[in-house]
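Inspection log for the structure reproduced underneath, given as structure tokens.
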Amino acid sequence: MGNKNLRRNWIDAAKAVAMFIVVLNHSELRIPGVNFWGGMFFVPAFFLLSGYTYHLNHGSYLEYVKKKAKRLLIPYLTANLFLFLFFLIKQMLTHNLASDFVLKSLLGILYGRNQILVNADYHSKLMINLNAPTWFLPALFVALIMLEGFYRLCKGNEKKVVLIVVIYALLATGYHYFVPVLLPWCLDIMPYFLLMMLSGNLLKKMDFFGDDQEIIQKKETGEGFVIQPIAKRAIIVFLFVVCIVSGLLNGSFNLSLSDAGKSITLMCMAAISSSVLLMVIMNLLEKKAKKLCACLAGLGKHTLTILCYHYFILVMTMIVLGFLDNFLMPWLTQQDDRILQMFFATEKLVAIVVSITACVIMDLVKERFKIEVRTND
């Protein structure tokens, strides 16, 4: 039981770090090195972590799909409906309702992408209600049900599943370079997400994050496939080198737009290696600083709500702070560039704190409401 709690904490802590990088990038607050290197793992880490916690279900496949839809698609649709109605009412009240607003909004929600064409301009964007970050939820849903489906189709044969995903990835690579159309729900980049999930699942089967003493005991008893501590450390060093080299060679990438940087291979190398390193650090943090890891894990449990609503709250907060800037304009105009940069960076940091805090409170209220409903029933 203790080992399960240990893993749950560092997994949720890793989600919290990845989630913070998402919010940081959307705030446009630039921290040297953090945005660039964090951009390597802030989406892939969720898929590796999902692969790490994944296990083949023995119940009905339809029930599994329903379970994942309830977990991921219901929050996706709820958040998008709220944002759609908010901006629809706003535009109607201000008499500024665009003729294609409803069509674009609904198409964006159903398509699960911010655009259809790779090089779309601003006017061709679909998710126009500050809901673009929610693309991740249907993508994760599809990845989970596809992985489950492949395992069932192959009767749990790992090699066959890997072969199917590799073939899918090769086809997707050809599609990526020759067809400038983004497929709904990230089907064009789905095999890369599946490869990330398989990588996470492999780490679990290797017991990569188990205690060294436990690994040695399993090795002596011949219990499963385990990796010796010295080999694990060598792998970590290797992954660090791969992360640095592939990251520098490939540059930044944006998976939501199917932008893989300079190379899909380098993108996968950077994404997987950086995500594993994040998991290694969080696992170590759990062992060396349990209270800090527990705090991060507590935040990580609210990841879903934060991913759905943070951008909306972030932008609203920046608008409010913008009004404050108007009152401070006489003072601002007298400051040098360094002071101004610090001031606006502080505003963005405040917006980040407000957006995350508001989402956590929203999540706690929702959970409290659910508990009261169950109690009354």
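Note on naming: chains are A, B, ... as they come in the structure tokens, residues start from 1 per chain, ligands start from 1 in the order shown.
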Next on the checklist: When you look at Leu49 (chain A) with a cut-off of 12 Å (counting only C-alpha atoms), what residues show up, excluding the ones that are within fewer than 2 positions of it in the same chain? I need them as a PyMOL selection string.
Outcome noted: chain A and resi 7-8+10-16+18+41-47+51-54+140+144+193-194+196-204+272+275-280+282
Next on the checklist: Write out as a ChimeraX atom specification the set of residues from region 126-337 of chain A that DSSP, computed on the backbone, places in alpha helix (DSSP H).
Outcome noted: /A:136-153,158-178,190-205,212-221,229-250,264-288,290-300,303-332,337
Checklist entry - Smallest atom-to-atom distance to Lys287 (chain A): which of A:Tyr61, A:Leu248, A:Lys262, A:Asn9, using only C-alpha atoms? => result A:Asn9
